[in-house]
$ cat data_13.cif   # mmCIF, C-alpha atoms and all ligand atoms; chains and numbers go by the auth columns
data_start
loop_
_atom_site.group_PDB
_atom_site.id
_atom_site.type_symbol
_atom_site.label_atom_id
_atom_site.label_comp_id
_atom_site.label_asym_id
_atom_site.label_seq_id
_atom_site.Cartn_x
_atom_site.Cartn_y
_atom_site.Cartn_z
_atom_site.B_iso_or_equiv
_atom_site.auth_seq_id
_atom_site.auth_asym_id
ATOM 1 C CA MET A 1 0.882 2.157 16.410 0.00 1 A
ATOM 2 C CA ARG A 2 -1.197 -0.117 14.212 0.00 2 A
ATOM 3 C CA ILE A 3 -2.173 1.740 11.070 0.00 3 A
ATOM 4 C CA ILE A 4 -3.713 1.001 7.677 0.00 4 A
ATOM 5 C CA PHE A 5 -3.069 3.164 4.609 0.00 5 A
ATOM 6 C CA LEU A 6 -6.149 2.681 2.429 0.00 6 A
ATOM 7 C CA GLY A 7 -6.724 4.023 -1.064 0.00 7 A
ATOM 8 C CA ALA A 8 -6.656 3.302 -4.774 0.00 8 A
ATOM 9 C CA PRO A 9 -3.369 2.368 -6.432 0.00 9 A
ATOM 10 C CA GLY A 10 -1.347 5.467 -7.281 0.00 10 A
ATOM 11 C CA THR A 11 -2.526 7.639 -4.397 0.00 11 A
ATOM 12 C CA GLY A 12 0.941 7.812 -2.820 0.00 12 A
ATOM 13 C CA LYS A 13 0.343 5.306 -0.004 0.00 13 A
ATOM 14 C CA GLY A 14 3.667 3.572 -0.507 0.00 14 A
ATOM 15 C CA THR A 15 5.676 6.798 -0.532 0.00 15 A
ATOM 16 C CA GLN A 16 4.028 8.041 2.661 0.00 16 A
ATOM 17 C CA ALA A 17 4.204 4.626 4.344 0.00 17 A
ATOM 18 C CA LEU A 18 7.956 4.560 3.764 0.00 18 A
ATOM 19 C CA TYR A 19 8.334 7.976 5.426 0.00 19 A
ATOM 20 C CA PHE A 20 6.151 7.217 8.469 0.00 20 A
ATOM 21 C CA SER A 21 7.605 3.764 9.021 0.00 21 A
ATOM 22 C CA LYS A 22 11.011 5.429 9.415 0.00 22 A
ATOM 23 C CA LEU A 23 9.634 8.222 11.581 0.00 23 A
ATOM 24 C CA TYR A 24 7.974 5.836 14.022 0.00 24 A
ATOM 25 C CA ALA A 25 10.497 2.995 13.592 0.00 25 A
ATOM 26 C CA ILE A 26 7.772 0.497 12.684 0.00 26 A
ATOM 27 C CA PRO A 27 7.710 -1.719 9.587 0.00 27 A
ATOM 28 C CA GLN A 28 5.860 -0.859 6.393 0.00 28 A
ATOM 29 C CA ILE A 29 4.070 -4.030 5.370 0.00 29 A
ATOM 30 C CA SER A 30 3.182 -3.977 1.690 0.00 30 A
ATOM 31 C CA THR A 31 1.501 -7.156 0.464 0.00 31 A
ATOM 32 C CA GLY A 32 2.300 -6.034 -3.105 0.00 32 A
ATOM 33 C CA GLU A 33 6.047 -5.877 -2.250 0.00 33 A
ATOM 34 C CA ILE A 34 5.964 -9.265 -0.520 0.00 34 A
ATOM 35 C CA LEU A 35 4.255 -10.772 -3.570 0.00 35 A
ATOM 36 C CA ARG A 36 6.632 -9.107 -6.062 0.00 36 A
ATOM 37 C CA ASP A 37 9.555 -10.473 -4.065 0.00 37 A
ATOM 38 C CA ALA A 38 8.030 -13.969 -4.142 0.00 38 A
ATOM 39 C CA VAL A 39 7.553 -13.704 -7.924 0.00 39 A
ATOM 40 C CA LYS A 40 11.176 -12.588 -8.347 0.00 40 A
ATOM 41 C CA LYS A 41 12.425 -15.503 -6.234 0.00 41 A
ATOM 42 C CA GLY A 42 10.130 -17.991 -8.000 0.00 42 A
ATOM 43 C CA THR A 43 8.679 -19.421 -4.760 0.00 43 A
ATOM 44 C CA GLU A 44 5.402 -21.397 -4.656 0.00 44 A
ATOM 45 C CA LEU A 45 3.592 -18.216 -3.611 0.00 45 A
ATOM 46 C CA GLY A 46 5.244 -16.324 -6.454 0.00 46 A
ATOM 47 C CA LYS A 47 4.191 -18.927 -8.998 0.00 47 A
ATOM 48 C CA LYS A 48 0.562 -18.681 -7.857 0.00 48 A
ATOM 49 C CA ALA A 49 0.554 -14.870 -7.808 0.00 49 A
ATOM 50 C CA LYS A 50 2.436 -14.030 -11.014 0.00 50 A
ATOM 51 C CA SER A 51 -0.283 -14.139 -13.671 0.00 51 A
ATOM 52 C CA ILE A 52 -2.913 -12.682 -11.309 0.00 52 A
ATOM 53 C CA MET A 53 -0.700 -9.679 -10.610 0.00 53 A
ATOM 54 C CA GLU A 54 0.170 -9.186 -14.260 0.00 54 A
ATOM 55 C CA ALA A 55 -3.552 -8.909 -15.033 0.00 55 A
ATOM 56 C CA GLY A 56 -4.087 -6.472 -12.144 0.00 56 A
ATOM 57 C CA ASP A 57 -6.501 -8.860 -10.384 0.00 57 A
ATOM 58 C CA LEU A 58 -6.507 -9.797 -6.706 0.00 58 A
ATOM 59 C CA VAL A 59 -4.603 -12.717 -5.213 0.00 59 A
ATOM 60 C CA PRO A 60 -7.090 -14.953 -3.278 0.00 60 A
ATOM 61 C CA ASP A 61 -7.980 -13.835 0.259 0.00 61 A
ATOM 62 C CA ASP A 62 -6.861 -17.054 1.990 0.00 62 A
ATOM 63 C CA ILE A 63 -3.344 -16.744 0.541 0.00 63 A
ATOM 64 C CA ILE A 64 -3.096 -13.076 1.525 0.00 64 A
ATOM 65 C CA LEU A 65 -4.422 -13.684 5.040 0.00 65 A
ATOM 66 C CA GLN A 66 -1.923 -16.474 5.679 0.00 66 A
ATOM 67 C CA LEU A 67 0.862 -14.226 4.450 0.00 67 A
ATOM 68 C CA ILE A 68 -0.257 -11.391 6.773 0.00 68 A
ATOM 69 C CA ARG A 69 -0.713 -13.725 9.750 0.00 69 A
ATOM 70 C CA ASP A 70 2.893 -14.900 9.346 0.00 70 A
ATOM 71 C CA ARG A 71 4.273 -11.417 8.823 0.00 71 A
ATOM 72 C CA LEU A 72 2.487 -9.864 11.824 0.00 72 A
ATOM 73 C CA SER A 73 3.833 -12.571 14.118 0.00 73 A
ATOM 74 C CA GLU A 74 7.403 -11.426 13.468 0.00 74 A
ATOM 75 C CA GLN A 75 9.328 -9.615 16.196 0.00 75 A
ATOM 76 C CA ASP A 76 9.605 -6.290 14.396 0.00 76 A
ATOM 77 C CA CYS A 77 5.802 -5.884 14.492 0.00 77 A
ATOM 78 C CA ARG A 78 5.689 -5.767 18.306 0.00 78 A
ATOM 79 C CA ASN A 79 5.472 -1.975 18.458 0.00 79 A
ATOM 80 C CA GLY A 80 3.148 -1.625 15.500 0.00 80 A
ATOM 81 C CA TYR A 81 3.223 -1.404 11.725 0.00 81 A
ATOM 82 C CA ILE A 82 1.788 0.328 8.697 0.00 82 A
ATOM 83 C CA LEU A 83 -0.278 -1.882 6.399 0.00 83 A
ATOM 84 C CA ASP A 84 0.086 -0.639 2.832 0.00 84 A
ATOM 85 C CA GLY A 85 -2.126 -2.293 0.179 0.00 85 A
ATOM 86 C CA PHE A 86 -3.830 -4.586 2.690 0.00 86 A
ATOM 87 C CA PRO A 87 -6.713 -5.213 3.350 0.00 87 A
ATOM 88 C CA ARG A 88 -8.177 -4.989 -0.140 0.00 88 A
ATOM 89 C CA THR A 89 -11.489 -6.819 0.381 0.00 89 A
ATOM 90 C CA ILE A 90 -14.103 -7.017 3.132 0.00 90 A
ATOM 91 C CA ALA A 91 -13.102 -10.655 3.708 0.00 91 A
ATOM 92 C CA GLN A 92 -9.500 -9.561 4.270 0.00 92 A
ATOM 93 C CA ALA A 93 -10.603 -6.851 6.714 0.00 93 A
ATOM 94 C CA GLU A 94 -12.689 -9.366 8.669 0.00 94 A
ATOM 95 C CA GLY A 95 -9.795 -11.833 8.629 0.00 95 A
ATOM 96 C CA LEU A 96 -7.504 -9.126 9.965 0.00 96 A
ATOM 97 C CA ASP A 97 -9.935 -8.387 12.804 0.00 97 A
ATOM 98 C CA ARG A 98 -9.821 -12.074 13.749 0.00 98 A
ATOM 99 C CA ILE A 99 -6.008 -12.133 13.657 0.00 99 A
ATOM 100 C CA LEU A 100 -5.652 -8.985 15.784 0.00 100 A
ATOM 101 C CA LYS A 101 -8.384 -9.730 18.350 0.00 101 A
ATOM 102 C CA ASP A 102 -7.928 -7.089 21.093 0.00 102 A
ATOM 103 C CA ASN A 103 -5.015 -5.334 19.398 0.00 103 A
ATOM 104 C CA ALA A 104 -7.258 -3.581 16.921 0.00 104 A
ATOM 105 C CA ILE A 105 -6.148 -1.160 14.232 0.00 105 A
ATOM 106 C CA GLN A 106 -6.003 2.366 15.671 0.00 106 A
ATOM 107 C CA ALA A 107 -6.204 4.435 12.523 0.00 107 A
ATOM 108 C CA VAL A 108 -7.158 3.849 8.918 0.00 108 A
ATOM 109 C CA ILE A 109 -5.860 6.672 6.772 0.00 109 A
ATOM 110 C CA TYR A 110 -7.982 6.919 3.651 0.00 110 A
ATOM 111 C CA PHE A 111 -6.191 8.573 0.715 0.00 111 A
ATOM 112 C CA ASP A 112 -8.978 10.358 -1.140 0.00 112 A
ATOM 113 C CA ILE A 113 -8.042 11.368 -4.698 0.00 113 A
ATOM 114 C CA ASP A 114 -9.462 12.544 -8.018 0.00 114 A
ATOM 115 C CA LYS A 115 -9.616 9.374 -10.168 0.00 115 A
ATOM 116 C CA ASN A 116 -8.251 11.183 -13.250 0.00 116 A
ATOM 117 C CA LEU A 117 -5.051 11.960 -11.403 0.00 117 A
ATOM 118 C CA VAL A 118 -4.465 8.328 -10.572 0.00 118 A
ATOM 119 C CA ILE A 119 -4.070 7.143 -14.163 0.00 119 A
ATOM 120 C CA SER A 120 -1.449 9.740 -15.003 0.00 120 A
ATOM 121 C CA ARG A 121 0.381 9.113 -11.723 0.00 121 A
ATOM 122 C CA LEU A 122 0.494 5.358 -12.224 0.00 122 A
ATOM 123 C CA THR A 123 1.535 5.385 -15.860 0.00 123 A
ATOM 124 C CA SER A 124 4.361 7.833 -15.059 0.00 124 A
ATOM 125 C CA ARG A 125 5.485 5.840 -12.014 0.00 125 A
ATOM 126 C CA ARG A 126 8.842 4.073 -12.140 0.00 126 A
ATOM 127 C CA VAL A 127 10.317 1.850 -9.463 0.00 127 A
ATOM 128 C CA CYS A 128 13.800 0.711 -8.478 0.00 128 A
ATOM 129 C CA SER A 129 14.072 -3.005 -9.253 0.00 129 A
ATOM 130 C CA LYS A 130 16.528 -3.404 -6.352 0.00 130 A
ATOM 131 C CA CYS A 131 15.257 -1.372 -3.360 0.00 131 A
ATOM 132 C CA GLY A 132 11.657 -0.719 -4.456 0.00 132 A
ATOM 133 C CA TYR A 133 11.878 3.082 -4.174 0.00 133 A
ATOM 134 C CA ASN A 134 9.181 4.829 -6.210 0.00 134 A
ATOM 135 C CA TYR A 135 9.975 7.539 -8.759 0.00 135 A
ATOM 136 C CA ASN A 136 7.641 9.587 -10.935 0.00 136 A
ATOM 137 C CA LEU A 137 8.715 10.805 -14.388 0.00 137 A
ATOM 138 C CA ILE A 138 6.903 14.118 -13.854 0.00 138 A
ATOM 139 C CA THR A 139 7.304 14.986 -10.168 0.00 139 A
ATOM 140 C CA ASP A 140 10.340 12.985 -9.023 0.00 140 A
ATOM 141 C CA PRO A 141 12.368 11.486 -11.898 0.00 141 A
ATOM 142 C CA PRO A 142 15.650 9.636 -11.299 0.00 142 A
ATOM 143 C CA GLU A 143 18.493 12.161 -11.962 0.00 143 A
ATOM 144 C CA THR A 144 20.648 9.755 -13.917 0.00 144 A
ATOM 145 C CA ASP A 145 18.652 7.972 -16.550 0.00 145 A
ATOM 146 C CA ALA A 146 17.127 4.825 -15.070 0.00 146 A
ATOM 147 C CA ILE A 147 19.577 4.570 -12.152 0.00 147 A
ATOM 148 C CA CYS A 148 18.283 4.637 -8.558 0.00 148 A
ATOM 149 C CA ARG A 149 19.695 7.561 -6.552 0.00 149 A
ATOM 150 C CA ARG A 150 19.511 5.551 -3.344 0.00 150 A
ATOM 151 C CA CYS A 151 21.050 2.198 -4.224 0.00 151 A
ATOM 152 C CA GLY A 152 22.283 2.372 -7.844 0.00 152 A
ATOM 153 C CA GLY A 153 19.711 -0.239 -8.949 0.00 153 A
ATOM 154 C CA LYS A 154 17.926 -0.194 -12.289 0.00 154 A
ATOM 155 C CA VAL A 155 14.764 1.941 -12.387 0.00 155 A
ATOM 156 C CA ILE A 156 11.993 0.254 -14.379 0.00 156 A
ATOM 157 C CA GLN A 157 8.264 0.436 -15.084 0.00 157 A
ATOM 158 C CA ARG A 158 6.212 -2.196 -13.267 0.00 158 A
ATOM 159 C CA ASP A 159 4.377 -4.434 -15.753 0.00 159 A
ATOM 160 C CA ASP A 160 1.105 -3.672 -14.003 0.00 160 A
ATOM 161 C CA ASP A 161 1.623 0.106 -14.354 0.00 161 A
ATOM 162 C CA LYS A 162 0.987 -0.082 -18.106 0.00 162 A
ATOM 163 C CA GLU A 163 -2.222 1.740 -19.011 0.00 163 A
ATOM 164 C CA GLU A 164 -4.439 -1.227 -19.813 0.00 164 A
ATOM 165 C CA THR A 165 -3.632 -2.985 -16.540 0.00 165 A
ATOM 166 C CA VAL A 166 -3.976 0.267 -14.613 0.00 166 A
ATOM 167 C CA ARG A 167 -7.572 0.597 -15.788 0.00 167 A
ATOM 168 C CA ASN A 168 -8.352 -2.919 -14.619 0.00 168 A
ATOM 169 C CA ARG A 169 -6.669 -2.308 -11.232 0.00 169 A
ATOM 170 C CA LEU A 170 -8.837 0.769 -10.725 0.00 170 A
ATOM 171 C CA GLN A 171 -11.973 -1.181 -11.540 0.00 171 A
ATOM 172 C CA VAL A 172 -10.905 -3.948 -9.166 0.00 172 A
ATOM 173 C CA TYR A 173 -10.324 -1.278 -6.524 0.00 173 A
ATOM 174 C CA GLU A 174 -13.800 0.236 -6.978 0.00 174 A
ATOM 175 C CA GLU A 175 -15.506 -3.138 -6.774 0.00 175 A
ATOM 176 C CA ASN A 176 -13.552 -4.801 -3.984 0.00 176 A
ATOM 177 C CA THR A 177 -11.640 -2.255 -1.940 0.00 177 A
ATOM 178 C CA ALA A 178 -13.715 0.946 -1.952 0.00 178 A
ATOM 179 C CA PRO A 179 -16.371 -0.704 0.308 0.00 179 A
ATOM 180 C CA LEU A 180 -13.726 -0.763 3.054 0.00 180 A
ATOM 181 C CA VAL A 181 -14.174 2.993 3.495 0.00 181 A
ATOM 182 C CA ASP A 182 -17.650 2.279 4.820 0.00 182 A
ATOM 183 C CA TYR A 183 -16.460 -0.700 6.836 0.00 183 A
ATOM 184 C CA TYR A 184 -13.941 1.367 8.802 0.00 184 A
ATOM 185 C CA GLU A 185 -16.127 4.452 8.960 0.00 185 A
ATOM 186 C CA LYS A 186 -18.666 2.362 10.869 0.00 186 A
ATOM 187 C CA LYS A 187 -15.939 1.209 13.243 0.00 187 A
ATOM 188 C CA GLY A 188 -15.071 4.874 13.842 0.00 188 A
ATOM 189 C CA ASN A 189 -11.343 4.693 13.055 0.00 189 A
ATOM 190 C CA LEU A 190 -11.327 6.121 9.505 0.00 190 A
ATOM 191 C CA TYR A 191 -9.483 9.387 8.810 0.00 191 A
ATOM 192 C CA LYS A 192 -9.920 10.830 5.337 0.00 192 A
ATOM 193 C CA ILE A 193 -7.078 12.893 3.900 0.00 193 A
ATOM 194 C CA ASP A 194 -6.869 14.797 0.619 0.00 194 A
ATOM 195 C CA ALA A 195 -4.289 12.908 -1.479 0.00 195 A
ATOM 196 C CA ASN A 196 -4.470 15.232 -4.518 0.00 196 A
ATOM 197 C CA GLY A 197 -1.721 17.516 -3.253 0.00 197 A
ATOM 198 C CA VAL A 198 2.075 17.346 -3.402 0.00 198 A
ATOM 199 C CA ILE A 199 3.960 14.841 -1.226 0.00 199 A
ATOM 200 C CA ASP A 200 4.784 17.347 1.549 0.00 200 A
ATOM 201 C CA ASP A 201 1.171 18.524 1.929 0.00 201 A
ATOM 202 C CA VAL A 202 -0.183 14.982 2.102 0.00 202 A
ATOM 203 C CA ARG A 203 2.533 14.103 4.631 0.00 203 A
ATOM 204 C CA ALA A 204 1.532 17.053 6.830 0.00 204 A
ATOM 205 C CA GLU A 205 -2.096 15.970 6.795 0.00 205 A
ATOM 206 C CA ILE A 206 -1.189 12.429 7.852 0.00 206 A
ATOM 207 C CA GLN A 207 1.130 13.763 10.531 0.00 207 A
ATOM 208 C CA ASN A 208 -1.761 15.787 11.907 0.00 208 A
ATOM 209 C CA VAL A 209 -3.907 12.692 12.250 0.00 209 A
ATOM 210 C CA LEU A 210 -1.225 10.419 13.663 0.00 210 A
ATOM 211 C CA LYS A 211 0.020 12.811 16.326 0.00 211 A
ATOM 212 C CA ASN A 212 -3.316 12.332 18.084 0.00 212 A
ATOM 213 C CA ILE A 213 -3.139 8.542 18.004 0.00 213 A
ATOM 214 C CA ARG A 214 -1.413 7.012 20.995 0.00 214 A
ATOM 215 C CA ASP A 215 -0.697 3.443 21.987 0.00 215 A
HETATM 216 P P1 LIG B . 0.344 -3.093 -5.034 0.00 301 B
HETATM 217 O O1 LIG B . 1.825 -2.993 -5.094 0.00 301 B
HETATM 218 O O2 LIG B . -0.202 -2.894 -3.650 0.00 301 B
HETATM 219 O O3 LIG B . -0.350 -2.231 -6.059 0.00 301 B
HETATM 220 O O4 LIG B . -0.019 -4.614 -5.410 0.00 301 B
HETATM 221 C C1 LIG B . 0.323 -5.166 -6.674 0.00 301 B
HETATM 222 C C2 LIG B . -0.555 -6.373 -6.986 0.00 301 B
HETATM 223 O O5 LIG B . -0.361 -7.392 -5.981 0.00 301 B
HETATM 224 C C3 LIG B . -2.057 -6.103 -6.957 0.00 301 B
HETATM 225 O O6 LIG B . -2.522 -5.582 -8.190 0.00 301 B
HETATM 226 C C4 LIG B . -2.600 -7.508 -6.676 0.00 301 B
HETATM 227 O O7 LIG B . -2.552 -8.328 -7.820 0.00 301 B
HETATM 228 C C5 LIG B . -1.577 -8.050 -5.680 0.00 301 B
HETATM 229 N N1 LIG B . -1.945 -7.716 -4.273 0.00 301 B
HETATM 230 C C6 LIG B . -1.255 -6.895 -3.416 0.00 301 B
HETATM 231 N N2 LIG B . -1.860 -6.809 -2.229 0.00 301 B
HETATM 232 C C7 LIG B . -2.976 -7.585 -2.310 0.00 301 B
HETATM 233 C C8 LIG B . -4.024 -7.896 -1.421 0.00 301 B
HETATM 234 N N3 LIG B . -4.064 -7.372 -0.178 0.00 301 B
HETATM 235 N N4 LIG B . -5.007 -8.735 -1.850 0.00 301 B
HETATM 236 C C9 LIG B . -4.979 -9.279 -3.086 0.00 301 B
HETATM 237 N N5 LIG B . -4.020 -9.009 -3.993 0.00 301 B
HETATM 238 C C10 LIG B . -3.016 -8.182 -3.619 0.00 301 B
#
$ encode --input "data_13.cif" --output "structure tokens"
Amino acid sequence: MRIIFLGAPGTGKGTQALYFSKLYAIPQISTGEILRDAVKKGTELGKKAKSIMEAGDLVPDDIILQLIRDRLSEQDCRNGYILDGFPRTIAQAEGLDRILKDNAIQAVIYFDIDKNLVISRLTSRRVCSKCGYNYNLITDPPETDAICRRCGGKVIQRDDDKEETVRNRLQVYEENTAPLVDYYEKKGNLYKIDANGVIDDVRAEIQNVLKNIRD
């Protein structure tokens, strides 16, 4: 199954992608995670991406496309994958089409959400610095203060989840990524789900769509 989870930051894509990647035993490919890892390790890629990410802007398309090309050629992608946070521009979507050729994306799940909800979700989001698991101070806080319940790592706030950066990320999303809804609608593989609800409801909606998609 080759799937894209599309939507603004803070719509719950990552949380749902984690669940469905386990369910279908396919990798969750988050360009944001790959970049954060590169920044942490101080690689060439990380050095290029660091300040761009801190400002909430987009890393250049050619860098992202090379990264995706490499990642999709790995063995674990043979049976499919969930793309989470990619593509983010029309140029990236076109680049992806060229990479995939006949193995086109089967479903693009579009997480539709009330914009006001996104700001409060993002600014209350916390993340484990070790395993990347997402918490939310309101709906799913870590039980022990700042300690990850899954791996014992330190739970922190991402620099780009601070309010000022969040506002810029949303603007960047509207300008660059929102046009992808149209792009995939025209291709006929876009499925819109209501992402305003609680995690279980959103999960059920996605499940409903994906059960009809077959390889
Ligand atoms: P995310 O975790 O998906 O919110 O991504 C965090 C940050 O990484 C974004 O704000 C961008 O700076 C960068 N990033 C992640 N994915 C992409 C992408 N597909 N294209 C450009 N920049 C990206």
$ closest_residue --input "data_13.cif" --among "A:Met1, A:Leu18, A:Val166, A:Leu137" --to "ligand LIG 301 (chain B)" --atoms "all atoms listed in the file"
A:Val166
$ resolve_selection --input "data_13.cif" --expression "the PyMOL selection byres (((not hetatm)) within 8 of (chain B and resi 301))" --output "VMD selection string"
chain A and resid 9 to 10 30 to 33 35 to 36 49 52 to 61 64 84 to 89 92 160 169
$ resolve_selection --input "data_13.cif" --expression "the PyMOL selection byres (((chain A and resi 115) around 12) and not hetatm)" --output "list in words"
Gly7, Ala8, Pro9, Gly10, Thr11, Phe111, Asp112, Ile113, Asp114, Asn116, Leu117, Val118, Ile119, Ser120, Arg121, Leu122, Val166, Arg167, Leu170, Gln171, Tyr173, Glu174, Ala195 and Asn196 of chain A
$ atom_distance --input "data_13.cif" --atom1 "atom CA of A:Glu74" --atom2 "atom CA of A:Arg2"
14.2 Å
$ residues_around --input "data_13.cif" --residues "A:Leu23" --least-positions-apart "4" --cutoff "12 Å" --atoms "only C-alpha atoms" --output "PyMOL selection string"
chain A and resi 1+16-19+27-28+81-82+203+207+210-211
$ write_last_selection --input "data_13.cif" --atoms "C-alpha atoms" --output "JSON list (two decimals), in the frame of the given file"
[["chain", "number", "residue", "atom", "x", "y", "z"],
["A", 1, "MET", "CA", 0.88, 2.16, 16.41],
["A", 16, "GLN", "CA", 4.03, 8.04, 2.66],
["A", 17, "ALA", "CA", 4.20, 4.63, 4.34],
["A", 18, "LEU", "CA", 7.96, 4.56, 3.76],
["A", 19, "TYR", "CA", 8.33, 7.98, 5.43],
["A", 27, "PRO", "CA", 7.71, -1.72, 9.59],
["A", 28, "GLN", "CA", 5.86, -0.86, 6.39],
["A", 81, "TYR", "CA", 3.22, -1.40, 11.72],
["A", 82, "ILE", "CA", 1.79, 0.33, 8.70],
["A", 203, "ARG", "CA", 2.53, 14.10, 4.63],
["A", 207, "GLN", "CA", 1.13, 13.76, 10.53],
["A", 210, "LEU", "CA", -1.23, 10.42, 13.66],
["A", 211, "LYS", "CA", 0.02, 12.81, 16.33]]
$ closest_residue --input "data_13.cif" --among "A:Thr43, A:Asn176, A:Lys130, A:Lys50" --to "A:Arg150" --atoms "all atoms listed in the file"
A:Lys130
$ build_atoms --input "data_13.cif" --residues "stretch 71-87 of chain A" --atoms "N, CA, C and O atoms" --output "short mmCIF file (atom, residue, chain, number, x, y, z; two decimals), keeping the file's coordinate frame"
data_model
loop_
_atom_site.label_atom_id
_atom_site.label_comp_id
_atom_site.auth_asym_id
_atom_site.auth_seq_id
_atom_site.Cartn_x
_atom_site.Cartn_y
_atom_site.Cartn_z
N ARG A 71 3.45 -12.64 8.74
CA ARG A 71 4.27 -11.42 8.82
C ARG A 71 4.05 -10.67 10.15
O ARG A 71 4.99 -10.19 10.76
N LEU A 72 2.79 -10.62 10.60
CA LEU A 72 2.49 -9.86 11.82
C LEU A 72 3.00 -10.57 13.07
O LEU A 72 3.09 -9.96 14.14
N SER A 73 3.33 -11.86 12.93
CA SER A 73 3.83 -12.57 14.12
C SER A 73 5.34 -12.36 14.28
O SER A 73 5.94 -12.81 15.25
N GLU A 74 5.96 -11.66 13.35
CA GLU A 74 7.40 -11.43 13.47
C GLU A 74 7.70 -10.35 14.52
O GLU A 74 6.89 -9.47 14.77
N GLN A 75 8.89 -10.49 15.10
CA GLN A 75 9.33 -9.62 16.20
C GLN A 75 9.20 -8.12 15.91
O GLN A 75 8.82 -7.34 16.77
N ASP A 76 9.55 -7.73 14.69
CA ASP A 76 9.60 -6.29 14.40
C ASP A 76 8.21 -5.64 14.38
O ASP A 76 8.10 -4.42 14.27
N CYS A 77 7.16 -6.44 14.49
CA CYS A 77 5.80 -5.88 14.49
C CYS A 77 5.30 -5.60 15.91
O CYS A 77 4.18 -5.11 16.07
N ARG A 78 6.12 -5.91 16.90
CA ARG A 78 5.69 -5.77 18.31
C ARG A 78 5.17 -4.37 18.64
O ARG A 78 4.21 -4.20 19.38
N ASN A 79 5.87 -3.35 18.11
CA ASN A 79 5.47 -1.98 18.46
C ASN A 79 4.54 -1.34 17.43
O ASN A 79 4.28 -0.15 17.49
N GLY A 80 4.08 -2.15 16.49
CA GLY A 80 3.15 -1.62 15.50
C GLY A 80 3.67 -1.77 14.08
O GLY A 80 4.75 -2.33 13.85
N TYR A 81 2.89 -1.25 13.15
CA TYR A 81 3.22 -1.40 11.72
C TYR A 81 2.28 -0.53 10.90
O TYR A 81 1.25 -0.06 11.40
N ILE A 82 2.68 -0.34 9.65
CA ILE A 82 1.79 0.33 8.70
C ILE A 82 1.44 -0.69 7.61
O ILE A 82 2.34 -1.22 6.94
N LEU A 83 0.17 -0.97 7.46
CA LEU A 83 -0.28 -1.88 6.40
C LEU A 83 -0.55 -1.07 5.14
O LEU A 83 -1.36 -0.13 5.17
N ASP A 84 0.13 -1.42 4.07
CA ASP A 84 0.09 -0.64 2.83
C ASP A 84 -0.37 -1.58 1.70
O ASP A 84 0.38 -2.47 1.31
N GLY A 85 -1.62 -1.41 1.24
CA GLY A 85 -2.13 -2.29 0.18
C GLY A 85 -2.84 -3.52 0.73
O GLY A 85 -3.16 -4.44 -0.01
N PHE A 86 -3.06 -3.54 2.01
CA PHE A 86 -3.83 -4.59 2.69
C PHE A 86 -4.60 -3.93 3.83
O PHE A 86 -4.03 -3.08 4.51
N PRO A 87 -5.85 -4.28 4.09
CA PRO A 87 -6.71 -5.21 3.35
C PRO A 87 -7.25 -4.58 2.07
O PRO A 87 -7.32 -3.38 1.94
#
